[in-house]
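To start, the structure under review is shown below, and the notes come after it.
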Amino acid sequence: LKLQFLYLIAIARLATRVMADYSSSAWGSGVWLTKKGKRAPADVLRDKAYLLVYFSASWCPPCQRFTPVLSTFYKRHAERLKFEVVFVSNDKDIASMQAYYDKMPWAAVPYGDEHMKGTFMSTYTAEGGGIPELVIVDLKDGGVVKRGAVQDLWKDVEGIEFPYKPLSWVQCLPVLLFIVAIVLSKFMV
C-alpha cells in the first residue's frame with residue numbers, strides 16, 4: 001500500500017512537470033502574430049483555459065462566411081470564456097494570408113512557419129478534413145475538447161454551451177434508460 005502511494009506521488013509530480021512545460025513548448029519555440037506584434041504562444045495563452053485552432057483560407061467561401069461570426073464571438077466572449085483563437089492559414093501566398101488576417105482580432109501562425117503549421121495540422125485536423133475547421137483544445141492537458149466546432153458556434157453565438165464538450169455516458173444514461181423503458185413496455189403488454 002505504501003509503495004502504491006509513493007508511486008502515485010511520483011506520477012503526480014511527473015504530470016505536474018509535464019503540464020508546466022506544456023503551454024510553453026507545445027508549439028515549439030516560435031512566435032505567433034498578434035495585433036500587438038509577434039509574441040510567444042505561452043504569453044498569448046497566459047490565463048486562458050481554451051485554445052480555438054482556426055484552419056481557414058481567404059479563397060474559401062465558407063471560411064469567408066464564418067470568419068465574421070467567429071470574430072464577433074471572439075470580441076463578445078473571449079475574455080469571459082477564457083479562450084484565445086489562433087489562425088492557421090491555408091492561403092497560397094503571404095499577401096492573401098495577411099489581407100485575410102487583417103480582418104481577424106486574434107493570433108495567427110506566421111505565414112511560412114511550416115513546422116508550426118504542420119504541428120497544428122498533424123495534431124488537430126482529421127485526415128482529409130476540409131476548411132473551415134475549428135478545434136477547441138483544453139489548455140490544462142492539451143486534449144481536444146471538440147473537433148468540427150464551426151457548426152456548434154453557428155448554433156450558439158452567445159456561448160451558452162461553450163466549449164461544446166460531448167455528453168458523457170453518465171449524462172446520456174437517463175435518456176437511454178427512458179428509451180429502454182419505452183421499448184420494454186411495448187413487449188410487456
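In the C-alpha cells, each chain is lettered A, B, ... as it comes, each chain's residues begin at 1, and ligands are numbered from 1 in order of appearance.
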Inset, instruction - Using DSSP on the backbone coordinates, identify all residues within range 17-170 of chain A classified as helix (DSSP H, G or I); present the result as a PyMOL selection string. - result: chain A and resi 17-25+41-44+61-81+94-101+114-124+149-155+169-170
Legend entry - Picked from range 5-155 of chain A by DSSP as strand (DSSP E or B), as an MDAnalysis selection string: chainID A and resid 32:34 37:39 50:56 83:89 107:108 133:138 144:146
Export, as an mmCIF file, in the first residue's frame, the selected residues with C-alpha atoms.
```
data_model
loop_
_atom_site.group_PDB
_atom_site.id
_atom_site.type_symbol
_atom_site.label_atom_id
_atom_site.label_comp_id
_atom_site.auth_asym_id
_atom_site.auth_seq_id
_atom_site.Cartn_x
_atom_site.Cartn_y
_atom_site.Cartn_z
ATOM 1 C CA TRP A 32 2.576 33.898 -33.191
ATOM 2 C CA LEU A 33 1.425 37.041 -34.924
ATOM 3 C CA THR A 34 -0.878 39.163 -32.780
ATOM 4 C CA GLY A 37 3.189 42.252 -32.717
ATOM 5 C CA LYS A 38 4.961 38.911 -32.544
ATOM 6 C CA ARG A 39 4.543 37.058 -29.239
ATOM 7 C CA TYR A 50 -9.025 27.033 -24.118
ATOM 8 C CA LEU A 51 -7.367 27.476 -27.480
ATOM 9 C CA LEU A 52 -9.548 27.551 -30.582
ATOM 10 C CA VAL A 53 -7.461 26.471 -33.565
ATOM 11 C CA TYR A 54 -8.999 28.003 -36.687
ATOM 12 C CA PHE A 55 -7.991 26.421 -40.006
ATOM 13 C CA SER A 56 -9.112 28.717 -42.806
ATOM 14 C CA PHE A 83 -10.145 31.423 -24.720
ATOM 15 C CA GLU A 84 -7.802 32.506 -27.474
ATOM 16 C CA VAL A 85 -8.006 31.786 -31.189
ATOM 17 C CA VAL A 86 -5.042 31.025 -33.418
ATOM 18 C CA PHE A 87 -5.488 31.220 -37.185
ATOM 19 C CA VAL A 88 -3.686 28.545 -39.200
ATOM 20 C CA SER A 89 -3.747 29.725 -42.803
ATOM 21 C CA ALA A 107 -3.397 35.436 -33.104
ATOM 22 C CA ALA A 108 -2.047 33.653 -36.178
ATOM 23 C CA GLU A 133 -12.314 23.843 -39.242
ATOM 24 C CA LEU A 134 -12.416 24.952 -35.633
ATOM 25 C CA VAL A 135 -10.877 22.743 -32.972
ATOM 26 C CA ILE A 136 -11.261 23.517 -29.270
ATOM 27 C CA VAL A 137 -8.276 22.497 -27.141
ATOM 28 C CA ASP A 138 -8.275 22.336 -23.337
ATOM 29 C CA VAL A 144 -9.133 18.071 -27.880
ATOM 30 C CA VAL A 145 -12.488 19.070 -26.427
ATOM 31 C CA LYS A 146 -14.239 19.343 -29.784
#
```
Inset, instruction - Identify which of the residues A:Thr72, A:Asn90, A:Ser168, A:Ser58 lies closest to Met121 in chain A, counting only C-alpha atoms when measuring atom-to-atom distances. - result: A:Asn90
